[in-house]
file final-v9.txt (compact mmCIF, C-alpha atoms and all ligand atoms)
# COMPACT_ATOMS: atom_id res chain seq x y z
CA MET Q 1 -35.14 33.35 29.89
CA PRO Q 2 -31.73 34.10 31.43
CA LYS Q 3 -29.38 35.87 29.06
CA ILE Q 4 -26.82 33.09 29.04
CA ILE Q 5 -29.42 30.51 27.91
CA LYS Q 6 -30.59 32.88 25.20
CA GLN Q 7 -27.03 33.30 23.99
CA LEU Q 8 -26.43 29.55 24.02
CA ALA Q 9 -29.62 28.92 22.06
CA PHE Q 10 -28.56 31.54 19.55
CA PHE Q 11 -25.13 29.98 19.01
CA LEU Q 12 -26.61 26.50 18.80
CA SER Q 13 -29.08 27.48 16.11
CA LEU Q 14 -26.33 29.36 14.29
CA THR Q 15 -24.17 26.22 14.28
CA ILE Q 16 -27.02 24.05 13.04
CA PHE Q 17 -27.77 26.62 10.34
CA THR Q 18 -24.18 26.90 9.10
CA ASN Q 19 -23.81 23.13 9.11
CA PHE Q 20 -26.93 22.92 7.02
CA VAL Q 21 -25.82 25.54 4.51
CA PHE Q 22 -22.15 24.53 4.55
CA PRO Q 23 -22.16 20.85 5.47
CA SER Q 24 -19.05 19.56 7.16
CA GLU Q 25 -17.22 17.49 4.58
CA VAL Q 26 -13.96 16.01 3.41
CA ASN Q 27 -13.04 15.48 -0.24
CA ILE Q 28 -11.04 12.42 -1.11
CA TYR Q 29 -9.27 11.53 -4.31
CA THR Q 30 -8.47 7.83 -4.22
CA SER Q 31 -6.85 5.35 -6.57
CA ARG Q 32 -7.86 2.42 -4.37
CA HIS Q 33 -10.57 0.44 -6.09
CA TYR Q 34 -12.07 -1.39 -3.09
CA ASP Q 35 -15.83 -1.29 -2.40
CA SER Q 36 -14.91 -1.97 1.21
CA ASP Q 37 -13.18 1.44 1.38
CA ILE Q 38 -16.49 3.10 0.51
CA GLU Q 39 -18.20 1.16 3.33
CA LEU Q 40 -15.48 2.36 5.68
CA TYR Q 41 -16.02 6.01 4.72
CA LYS Q 42 -19.72 5.58 5.48
CA ILE Q 43 -18.83 4.40 8.99
CA PHE Q 44 -16.73 7.57 9.36
CA THR Q 45 -19.63 9.77 8.26
CA ASN Q 46 -22.05 8.01 10.61
CA SER Q 47 -19.82 8.55 13.61
CA THR Q 48 -18.68 12.13 12.89
CA GLY Q 49 -21.36 13.70 10.69
CA ILE Q 50 -18.60 14.62 8.22
CA LYS Q 51 -19.66 13.87 4.67
CA VAL Q 52 -17.09 12.10 2.50
CA ASN Q 53 -17.02 13.04 -1.19
CA ILE Q 54 -15.06 10.62 -3.34
CA VAL Q 55 -13.35 11.00 -6.67
CA SER Q 56 -11.74 7.75 -7.79
CA GLY Q 57 -9.42 7.03 -10.67
CA LYS Q 58 -6.00 5.75 -11.61
CA SER Q 59 -3.16 7.14 -9.53
CA LYS Q 60 -1.40 8.87 -12.42
CA ALA Q 61 -4.58 10.53 -13.66
CA LEU Q 62 -5.52 11.76 -10.18
CA ILE Q 63 -2.05 13.19 -9.57
CA GLU Q 64 -2.28 15.04 -12.90
CA ARG Q 65 -5.72 16.29 -11.95
CA ILE Q 66 -4.54 17.62 -8.59
CA ARG Q 67 -1.60 19.33 -10.33
CA SER Q 68 -3.78 21.01 -12.92
CA GLU Q 69 -6.43 22.07 -10.40
CA GLY Q 70 -3.66 23.66 -8.35
CA LYS Q 71 -4.82 25.99 -5.58
CA ASN Q 72 -8.45 25.49 -6.61
CA SER Q 73 -8.41 21.74 -6.14
CA PRO Q 74 -11.36 20.61 -4.04
CA ALA Q 75 -9.33 17.61 -2.86
CA ASP Q 76 -8.41 17.46 0.82
CA ILE Q 77 -6.85 14.00 0.85
CA PHE Q 78 -5.11 11.84 -1.73
CA ILE Q 79 -5.19 8.10 -1.04
CA THR Q 80 -3.17 5.67 -3.11
CA VAL Q 81 -1.07 2.53 -3.04
CA ASP Q 82 2.72 2.32 -3.19
CA ALA Q 83 5.04 4.75 -1.46
CA GLY Q 84 6.41 5.63 -4.90
CA ASN Q 85 3.14 7.39 -5.77
CA LEU Q 86 3.01 9.34 -2.51
CA TRP Q 87 6.64 10.37 -2.92
CA LYS Q 88 5.82 11.77 -6.36
CA VAL Q 89 3.01 13.95 -4.96
CA GLN Q 90 5.33 15.22 -2.24
CA ASP Q 91 8.00 15.90 -4.87
CA TYR Q 92 5.46 18.11 -6.70
CA GLN Q 93 5.06 19.93 -3.34
CA LEU Q 94 1.32 19.29 -3.24
CA PHE Q 95 1.11 17.90 0.30
CA THR Q 96 0.99 19.77 3.58
CA LYS Q 97 2.26 18.48 6.93
CA ILE Q 98 0.02 16.08 8.86
CA GLU Q 99 -0.07 17.51 12.40
CA SER Q 100 -1.49 14.86 14.70
CA LYS Q 101 -0.05 13.25 17.81
CA LYS Q 102 -2.34 10.27 17.31
CA VAL Q 103 -1.06 9.67 13.79
CA ASN Q 104 2.55 10.02 14.91
CA GLN Q 105 2.01 7.52 17.70
CA ILE Q 106 0.50 4.90 15.42
CA VAL Q 107 2.51 5.18 12.19
CA PRO Q 108 6.19 4.20 12.47
CA LYS Q 109 8.60 6.79 11.14
CA ASN Q 110 9.86 4.66 8.25
CA LEU Q 111 6.29 4.43 6.92
CA ARG Q 112 5.82 8.22 6.66
CA GLY Q 113 6.97 10.76 4.11
CA GLU Q 114 9.62 13.32 4.95
CA ASN Q 115 8.28 15.98 7.36
CA ASN Q 116 5.11 13.92 7.87
CA LYS Q 117 3.75 14.92 4.48
CA TRP Q 118 2.12 11.49 4.00
CA ILE Q 119 1.52 8.35 6.02
CA ALA Q 120 0.85 4.64 5.66
CA LEU Q 121 -2.69 3.35 6.23
CA ALA Q 122 -1.87 -0.33 5.63
CA LYS Q 123 1.14 -2.49 4.82
CA ARG Q 124 1.70 -5.05 2.10
CA ALA Q 125 4.63 -7.43 1.73
CA ARG Q 126 6.08 -8.31 -1.68
CA VAL Q 127 7.04 -11.92 -1.15
CA ILE Q 128 7.97 -15.23 -2.75
CA PHE Q 129 5.26 -17.80 -3.58
CA PHE Q 130 5.92 -21.51 -4.02
CA ASN Q 131 3.91 -24.64 -4.85
CA LYS Q 132 3.38 -26.77 -1.72
CA ASP Q 133 3.39 -29.90 -3.85
CA LYS Q 134 6.79 -29.16 -5.24
CA TYR Q 135 8.61 -27.72 -2.22
CA ASP Q 136 8.57 -28.01 1.51
CA PHE Q 137 8.97 -24.83 3.48
CA GLU Q 138 12.23 -26.29 4.87
CA ASP Q 139 13.74 -26.48 1.32
CA LEU Q 140 13.26 -22.78 0.80
CA LYS Q 141 13.41 -21.20 4.23
CA ASN Q 142 16.77 -19.51 3.64
CA LEU Q 143 15.78 -18.06 0.29
CA ASN Q 144 16.14 -14.29 -0.14
CA TYR Q 145 15.44 -11.84 -2.95
CA GLU Q 146 19.20 -11.73 -3.47
CA ASP Q 147 19.26 -15.50 -4.28
CA LEU Q 148 16.69 -15.19 -7.06
CA SER Q 149 19.41 -14.22 -9.54
CA SER Q 150 21.26 -17.53 -9.06
CA SER Q 151 21.42 -19.84 -12.10
CA LYS Q 152 19.85 -22.47 -9.87
CA TRP Q 153 16.50 -20.85 -10.73
CA ARG Q 154 16.98 -20.67 -14.53
CA ASN Q 155 13.55 -20.45 -16.26
CA LYS Q 156 11.75 -20.94 -12.96
CA ILE Q 157 10.54 -17.53 -11.77
CA ALA Q 158 7.30 -15.73 -12.66
CA ILE Q 159 7.01 -11.98 -12.13
CA ARG Q 160 5.07 -9.23 -13.88
CA SER Q 161 6.47 -6.53 -16.12
CA SER Q 162 8.80 -3.70 -15.21
CA ASN Q 163 6.18 -1.03 -15.82
CA ASN Q 164 4.50 -2.18 -12.62
CA LEU Q 165 5.22 0.17 -9.72
CA TYR Q 166 5.37 -2.66 -7.13
CA ASN Q 167 8.34 -4.13 -9.03
CA GLN Q 168 9.93 -0.72 -9.49
CA SER Q 169 9.72 -0.16 -5.74
CA LEU Q 170 11.27 -3.56 -5.00
CA VAL Q 171 14.18 -2.79 -7.32
CA ALA Q 172 14.46 0.75 -5.89
CA SER Q 173 14.73 -0.72 -2.40
CA LEU Q 174 17.61 -2.93 -3.53
CA ILE Q 175 19.35 0.06 -5.13
CA ALA Q 176 18.98 1.97 -1.86
CA LYS Q 177 20.60 -0.91 0.05
CA TYR Q 178 23.25 -2.24 -2.31
CA GLY Q 179 23.77 0.42 -4.97
CA GLU Q 180 23.18 0.32 -8.72
CA ASN Q 181 26.01 -2.01 -9.77
CA TYR Q 182 25.01 -4.82 -7.47
CA THR Q 183 21.30 -4.40 -8.27
CA GLU Q 184 21.93 -4.35 -12.01
CA ASN Q 185 23.81 -7.66 -11.84
CA TRP Q 186 21.08 -9.08 -9.67
CA ALA Q 187 18.35 -7.96 -12.08
CA LYS Q 188 20.29 -9.40 -15.03
CA GLY Q 189 20.34 -12.79 -13.30
CA LEU Q 190 16.69 -12.52 -12.34
CA VAL Q 191 15.63 -11.74 -15.92
CA SER Q 192 17.49 -14.79 -17.20
CA ASN Q 193 15.57 -16.84 -14.64
CA PHE Q 194 12.14 -15.73 -15.91
CA SER Q 195 9.95 -18.72 -16.74
CA ARG Q 196 8.17 -16.65 -19.40
CA LYS Q 197 7.91 -13.16 -20.80
CA PRO Q 198 6.35 -11.01 -18.03
CA GLN Q 199 2.59 -10.98 -18.40
CA GLY Q 200 -0.52 -10.51 -16.29
CA ASN Q 201 -1.07 -9.10 -12.82
CA ASP Q 202 0.21 -10.34 -9.46
CA ARG Q 203 -2.49 -13.00 -9.18
CA ALA Q 204 -1.49 -14.36 -12.62
CA GLN Q 205 2.01 -15.01 -11.23
CA ILE Q 206 0.62 -16.90 -8.22
CA ILE Q 207 -1.61 -18.94 -10.55
CA ALA Q 208 1.43 -19.79 -12.71
CA VAL Q 209 3.03 -21.33 -9.61
CA ALA Q 210 -0.18 -23.19 -8.73
CA ASN Q 211 -0.24 -24.63 -12.29
CA LYS Q 212 3.47 -25.51 -12.07
CA GLU Q 213 4.28 -23.21 -15.00
CA ALA Q 214 6.82 -21.60 -12.67
CA ASP Q 215 8.53 -22.76 -9.48
CA LEU Q 216 8.51 -19.39 -7.75
CA ALA Q 217 6.57 -16.16 -8.14
CA ILE Q 218 7.07 -12.71 -6.69
CA ALA Q 219 3.81 -10.95 -5.82
CA ASN Q 220 2.09 -8.99 -3.06
CA SER Q 221 0.96 -10.96 -0.04
CA TYR Q 222 -2.69 -9.79 0.02
CA TYR Q 223 -3.46 -11.30 -3.40
CA LEU Q 224 -3.24 -14.79 -1.92
CA GLY Q 225 -5.63 -13.70 0.85
CA LEU Q 226 -8.02 -12.43 -1.80
CA MET Q 227 -7.82 -15.72 -3.72
CA LEU Q 228 -8.29 -17.86 -0.60
CA SER Q 229 -11.27 -15.77 0.54
CA GLY Q 230 -13.22 -17.06 -2.47
CA LYS Q 231 -13.95 -13.49 -3.59
CA LYS Q 232 -12.19 -14.18 -6.89
CA GLY Q 233 -14.09 -17.37 -7.69
CA ASP Q 234 -13.60 -21.12 -7.25
CA LYS Q 235 -10.79 -21.46 -9.79
CA GLN Q 236 -8.61 -18.94 -7.98
CA LEU Q 237 -9.60 -20.39 -4.62
CA SER Q 238 -8.30 -23.84 -5.60
CA ALA Q 239 -5.18 -22.30 -7.17
CA GLY Q 240 -4.58 -20.41 -3.94
CA LYS Q 241 -4.77 -23.61 -1.93
CA LYS Q 242 -1.82 -25.05 -3.85
CA VAL Q 243 0.62 -22.30 -2.93
CA SER Q 244 2.23 -20.83 0.14
CA ILE Q 245 4.22 -17.74 1.04
CA LEU Q 246 7.87 -17.51 1.80
CA PHE Q 247 8.82 -14.33 3.62
CA PRO Q 248 12.45 -13.63 2.78
CA SER Q 249 13.67 -13.05 6.28
CA GLN Q 250 17.03 -14.70 6.71
CA ASN Q 251 18.98 -11.78 5.32
CA LYS Q 252 19.59 -8.72 7.40
CA TYR Q 253 16.65 -6.84 5.89
CA GLY Q 254 13.56 -9.06 5.87
CA ALA Q 255 10.47 -9.06 3.67
CA HIS Q 256 9.98 -6.04 1.39
CA ILE Q 257 7.24 -3.86 2.85
CA ASN Q 258 5.25 -1.33 0.83
CA ILE Q 259 2.17 0.64 1.84
CA SER Q 260 -1.25 2.00 1.05
CA GLY Q 261 -1.19 5.56 2.25
CA ALA Q 262 -2.52 9.09 2.22
CA GLY Q 263 -1.56 12.71 2.46
CA ILE Q 264 -3.39 16.01 2.98
CA LEU Q 265 -3.17 18.43 0.08
CA LYS Q 266 -1.80 21.94 0.50
CA SER Q 267 -4.94 23.33 -1.09
CA SER Q 268 -7.21 21.61 1.47
CA GLN Q 269 -10.13 23.72 2.72
CA ASN Q 270 -11.09 21.13 5.34
CA TYR Q 271 -7.80 20.44 7.10
CA ASP Q 272 -9.33 19.59 10.50
CA ASN Q 273 -11.77 17.14 8.94
CA ALA Q 274 -8.92 15.62 6.95
CA ILE Q 275 -6.95 15.04 10.17
CA LYS Q 276 -10.04 13.48 11.79
CA PHE Q 277 -10.41 11.23 8.76
CA LEU Q 278 -6.80 10.02 8.87
CA GLU Q 279 -7.01 9.43 12.63
CA PHE Q 280 -10.16 7.38 12.01
CA MET Q 281 -8.44 5.34 9.28
CA LEU Q 282 -5.76 4.35 11.79
CA SER Q 283 -8.25 3.51 14.55
CA GLU Q 284 -8.66 -0.11 15.60
CA LYS Q 285 -12.12 -0.26 14.08
CA ALA Q 286 -11.05 1.02 10.67
CA GLN Q 287 -7.85 -1.03 10.63
CA ARG Q 288 -9.81 -4.18 11.39
CA HIS Q 289 -12.16 -3.36 8.52
CA LEU Q 290 -9.22 -2.75 6.18
CA VAL Q 291 -7.31 -5.96 6.91
CA ASN Q 292 -10.43 -8.12 6.82
CA ASN Q 293 -11.43 -6.86 3.39
CA THR Q 294 -8.17 -6.27 1.55
CA PHE Q 295 -5.90 -8.74 3.41
CA GLU Q 296 -3.25 -6.08 3.81
CA TYR Q 297 -1.34 -5.86 7.09
CA PRO Q 298 -2.42 -3.36 9.78
CA ILE Q 299 -0.48 -0.28 10.88
CA ASN Q 300 -2.20 -0.13 14.27
CA ARG Q 301 -0.32 -2.55 16.53
CA ASN Q 302 -3.49 -3.49 18.44
CA VAL Q 303 -5.02 -5.02 15.34
CA LYS Q 304 -4.15 -8.48 14.02
CA PRO Q 305 -4.00 -9.39 10.32
CA ASN Q 306 -6.91 -11.30 8.82
CA GLU Q 307 -7.00 -14.97 9.82
CA ILE Q 308 -6.31 -16.14 6.27
CA MET Q 309 -3.03 -14.22 6.34
CA MET Q 310 -2.17 -15.32 9.88
CA GLN Q 311 -1.83 -18.95 8.72
CA PHE Q 312 1.31 -17.91 6.81
CA GLY Q 313 2.81 -16.48 9.97
CA ILE Q 314 2.70 -13.04 11.52
CA ASN Q 315 6.09 -12.88 13.10
CA PHE Q 316 8.05 -12.66 9.87
CA LYS Q 317 10.83 -10.14 9.72
CA GLU Q 318 9.76 -6.91 8.04
CA ASP Q 319 12.22 -4.82 6.10
CA SER Q 320 12.28 -1.56 8.04
CA SER Q 321 13.62 0.47 5.12
CA VAL Q 322 12.33 4.01 4.83
CA VAL Q 323 9.61 3.61 2.19
CA SER Q 324 10.14 7.09 0.74
CA GLU Q 325 13.41 5.70 -0.68
CA PHE Q 326 11.26 3.80 -3.21
CA GLY Q 327 10.26 7.12 -4.76
CA LYS Q 328 13.73 8.58 -4.55
CA PHE Q 329 15.23 5.68 -6.53
CA ASN Q 330 12.25 5.08 -8.82
CA SER Q 331 13.70 6.57 -11.99
CA ALA Q 332 17.04 4.79 -11.42
CA ALA Q 333 15.07 1.54 -11.00
CA ILE Q 334 13.12 2.04 -14.25
CA LYS Q 335 16.30 2.76 -16.22
CA LEU Q 336 18.07 -0.22 -14.67
CA MET Q 337 15.19 -2.61 -15.45
CA ASP Q 338 15.20 -1.36 -19.02
CA ARG Q 339 18.97 -1.92 -19.36
CA VAL Q 340 18.73 -5.56 -18.26
CA GLY Q 341 15.83 -6.28 -20.64
CA TRP Q 342 13.11 -6.69 -18.01
CA GLN Q 343 10.06 -6.25 -20.23
FE FE U 1 -2.45 -4.40 -5.75

call {"tool": "encode", "arguments": {"input": "final-v9.txt", "output": "structure tokens", "more": "lines below"}}
Ligand code: FE
result
Amino acid sequence: MPKIIKQLAFFLSLTIFTNFVFPSEVNIYTSRHYDSDIELYKIFTNSTGIKVNIVSGKSKALIERIRSEGKNSPADIFITVDAGNLWKVQDYQLFTKIESKKVNQIVPKNLRGENNKWIALAKRARVIFFNKDKYDFEDLKNLNYEDLSSSKWRNKIAIRSSNNLYNQSLVASLIAKYGENYTENWAKGLVSNFSRKPQGNDRAQIIAVANKEADLAIANSYYLGLMLSGKKGDKQLSAGKKVSILFPSQNKYGAHINISGAGILKSSQNYDNAIKFLEFMLSEKAQRHLVNNTFEYPINRNVKPNEIMMQFGINFKEDSSVVSEFGKFNSAAIKLMDRVGWQ
């Protein structure tokens, strides 16, 4: 056998051996609770041979775990929802830079953390819901978040409590744009327009509008997709059919956009695999899988939202605010919501 072939055979068997003893893997800590995410990771493993190990839990608990594990953390990637959570992990200096041309090309700059320490994997809009029986789109088309503090809406708005991060991020985004004084007055007005003491999750607010217990609700767009898909049962399907989405888009900012996203941890032992994983998550195939299961909006511009979401329009104006601002102003938002009695 020629020497070169012998050498090649040697290296090949060495590679197979090391892969067998030290399998190629990536360790993911995720606070996303979707079975469809697990299916997606399997597709990644099948196409790359890289095994995905998953630890799932609540965002807060996982962040604490990563902090206490420190340098010895097995986690390569942290996946979560809401830019506020990702900002927190970056603030604890637990992320390392994501170095990938592909990622940079696909993810717009406003949907990344400072110095590319984290990135968006999907978008979600926090929007206004109304009952189609009660309002025509034309009646409401000029409505903005700013208008929701007007006495015109006294006792008419359903929204969940202030300990919810989605609401904190919405308020933080207003603080970033208008400052604390304006936002505090706005929040005061909004609280006096609550149709009831804040209770339940986002879907509960949409259902309140369907049942005419409230005229308007503020909630994340994908929850209506979930209800209309039938995955949440017949009751929620018929409730979903009664409501529609208004994307506040007449103001200069547009609909509030938040993200699901991920970052690579400083302690990562599998950095290259982590990059491959993130690039996969932004690929057309993975993005299609994401939007068709969670009804979030895609980051990859070649992928369309799920059909259920498309019926509410896809050309709405998106607020292009830098989402890391939501983390920066989070504690100011919490204090402000407390001051105005938002329970
Ligand atoms: Fe959610």

call {"tool": "residues_near_ligand", "arguments": {"input": "final-v9.txt", "ligand": "ligand FE 1 (chain U)", "cutoff": "9 Å", "atoms": "only C-alpha atoms and all ligand atoms", "output": "MDAnalysis selection string"}}
result
chainID Q and resid 32 81:82 124 166 201:202 220 222:223

call {"tool": "residues_around", "arguments": {"input": "final-v9.txt", "residues": "Arg196 of chain Q", "least_positions_apart": "2", "cutoff": "9 Å", "atoms": "all atoms listed in the file", "output": "list of chain:residue names"}}
result
Q:Asn155, Q:Lys156, Q:Ile157, Q:Ala158, Q:Ile159, Q:Asn193, Q:Phe194, Q:Pro198, Q:Gln199, Q:Glu213, Q:Ala214

call {"tool": "residues_around", "arguments": {"input": "final-v9.txt", "residues": "Ser267 of chain Q", "least_positions_apart": "4", "cutoff": "10 Å", "atoms": "only C-alpha atoms", "output": "list in words"}}
result
Ile66, Glu69, Gly70, Lys71, Asn72, Ser73, Pro74, Ala75, Asp76, Ile77, Leu94, Phe95, Thr96 and Tyr271 of chain Q

call {"tool": "atom_distance", "arguments": {"input": "final-v9.txt", "atom1": "atom CA of Arg65 of chain Q", "atom2": "atom CA of Gly261 of chain Q"}}
result
18.4 Å

call {"tool": "atom_distance", "arguments": {"input": "final-v9.txt", "atom1": "atom CA of Met337 of chain Q", "atom2": "atom CA of Arg126 of chain Q"}}
result
17.5 Å

call {"tool": "residues_around", "arguments": {"input": "final-v9.txt", "residues": "Thr183 of chain Q", "least_positions_apart": "2", "cutoff": "10 Å", "atoms": "all atoms listed in the file", "output": "short mmCIF file (atom, residue, chain, number, x, y, z; two decimals) with C-alpha atoms, keeping the file's coordinate frame"}}
result
data_model
loop_
_atom_site.label_atom_id
_atom_site.label_comp_id
_atom_site.auth_asym_id
_atom_site.auth_seq_id
_atom_site.Cartn_x
_atom_site.Cartn_y
_atom_site.Cartn_z
CA GLU Q 146 19.20 -11.73 -3.47
CA VAL Q 171 14.18 -2.79 -7.32
CA ALA Q 172 14.46 0.75 -5.89
CA SER Q 173 14.73 -0.72 -2.40
CA LEU Q 174 17.61 -2.93 -3.53
CA ILE Q 175 19.35 0.06 -5.13
CA ALA Q 176 18.98 1.97 -1.86
CA LYS Q 177 20.60 -0.91 0.05
CA TYR Q 178 23.25 -2.24 -2.31
CA GLY Q 179 23.77 0.42 -4.97
CA GLU Q 180 23.18 0.32 -8.72
CA ASN Q 181 26.01 -2.01 -9.77
CA ASN Q 185 23.81 -7.66 -11.84
CA TRP Q 186 21.08 -9.08 -9.67
CA ALA Q 187 18.35 -7.96 -12.08
CA LYS Q 188 20.29 -9.40 -15.03
CA GLY Q 189 20.34 -12.79 -13.30
CA ALA Q 333 15.07 1.54 -11.00
CA LEU Q 336 18.07 -0.22 -14.67
CA MET Q 337 15.19 -2.61 -15.45
#

call {"tool": "atom_distance", "arguments": {"input": "final-v9.txt", "atom1": "atom CA of Glu296 of chain Q", "atom2": "atom CA of Asn131 of chain Q"}}
result
21.7 Å

call {"tool": "residues_around", "arguments": {"input": "final-v9.txt", "residues": "Val303 of chain Q", "least_positions_apart": "6", "cutoff": "8 Å", "atoms": "all atoms listed in the file", "output": "PyMOL selection string"}}
result
chain Q and resi 284+287-288

call {"tool": "build_atoms", "arguments": {"input": "final-v9.txt", "residues": "segment 176-184 of chain Q", "atoms": "all heavy atoms", "output": "short mmCIF file (atom, residue, chain, number, x, y, z; two decimals), keeping the file's coordinate frame"}}
result
data_model
loop_
_atom_site.label_atom_id
_atom_site.label_comp_id
_atom_site.auth_asym_id
_atom_site.auth_seq_id
_atom_site.Cartn_x
_atom_site.Cartn_y
_atom_site.Cartn_z
N ALA Q 176 18.72 1.19 -3.08
CA ALA Q 176 18.98 1.97 -1.86
C ALA Q 176 19.92 1.21 -0.91
O ALA Q 176 20.75 1.82 -0.24
CB ALA Q 176 17.66 2.28 -1.17
N LYS Q 177 19.79 -0.11 -0.88
CA LYS Q 177 20.60 -0.91 0.05
C LYS Q 177 21.98 -1.23 -0.50
O LYS Q 177 22.98 -1.17 0.21
CB LYS Q 177 19.91 -2.24 0.33
CG LYS Q 177 18.66 -2.12 1.12
CD LYS Q 177 18.06 -3.49 1.31
CE LYS Q 177 16.81 -3.37 2.10
NZ LYS Q 177 15.62 -3.59 1.28
N TYR Q 178 22.02 -1.66 -1.77
CA TYR Q 178 23.25 -2.24 -2.31
C TYR Q 178 23.92 -1.40 -3.39
O TYR Q 178 25.00 -1.74 -3.84
CB TYR Q 178 22.94 -3.61 -2.93
CG TYR Q 178 22.42 -4.64 -1.95
CD1 TYR Q 178 21.14 -5.17 -2.10
CD2 TYR Q 178 23.22 -5.10 -0.91
CE1 TYR Q 178 20.66 -6.14 -1.23
CE2 TYR Q 178 22.75 -6.07 -0.03
CZ TYR Q 178 21.47 -6.59 -0.20
OH TYR Q 178 21.01 -7.54 0.66
N GLY Q 179 23.22 -0.38 -3.88
CA GLY Q 179 23.77 0.42 -4.97
C GLY Q 179 23.38 -0.14 -6.32
O GLY Q 179 22.85 -1.24 -6.43
N GLU Q 180 23.65 0.66 -7.37
CA GLU Q 180 23.18 0.32 -8.72
C GLU Q 180 23.92 -0.86 -9.34
O GLU Q 180 23.32 -1.68 -10.02
CB GLU Q 180 23.27 1.53 -9.64
CG GLU Q 180 22.09 2.47 -9.47
CD GLU Q 180 21.93 3.43 -10.63
OE1 GLU Q 180 21.99 2.99 -11.80
OE2 GLU Q 180 21.75 4.63 -10.36
N ASN Q 181 25.25 -0.94 -9.13
CA ASN Q 181 26.01 -2.01 -9.77
C ASN Q 181 25.54 -3.38 -9.32
O ASN Q 181 25.25 -4.26 -10.13
CB ASN Q 181 27.51 -1.87 -9.45
CG ASN Q 181 28.14 -0.78 -10.30
OD1 ASN Q 181 27.55 -0.38 -11.32
ND2 ASN Q 181 29.29 -0.29 -9.88
N TYR Q 182 25.46 -3.55 -8.01
CA TYR Q 182 25.01 -4.82 -7.47
C TYR Q 182 23.60 -5.14 -7.99
O TYR Q 182 23.33 -6.24 -8.46
CB TYR Q 182 25.00 -4.79 -5.93
CG TYR Q 182 24.36 -6.04 -5.33
CD1 TYR Q 182 25.14 -7.14 -4.99
CD2 TYR Q 182 22.97 -6.11 -5.16
CE1 TYR Q 182 24.54 -8.29 -4.48
CE2 TYR Q 182 22.37 -7.25 -4.66
CZ TYR Q 182 23.15 -8.34 -4.31
OH TYR Q 182 22.55 -9.47 -3.83
N THR Q 183 22.71 -4.16 -7.91
CA THR Q 183 21.30 -4.40 -8.27
C THR Q 183 21.16 -4.72 -9.75
O THR Q 183 20.34 -5.55 -10.14
CB THR Q 183 20.44 -3.19 -7.88
OG1 THR Q 183 20.69 -2.88 -6.51
CG2 THR Q 183 18.96 -3.50 -8.02
N GLU Q 184 22.00 -4.07 -10.57
CA GLU Q 184 21.93 -4.35 -12.01
C GLU Q 184 22.34 -5.80 -12.31
O GLU Q 184 21.69 -6.50 -13.08
CB GLU Q 184 22.80 -3.36 -12.79
CG GLU Q 184 22.67 -3.56 -14.28
CD GLU Q 184 22.97 -2.31 -15.10
OE1 GLU Q 184 23.04 -1.19 -14.52
OE2 GLU Q 184 23.12 -2.44 -16.32
#
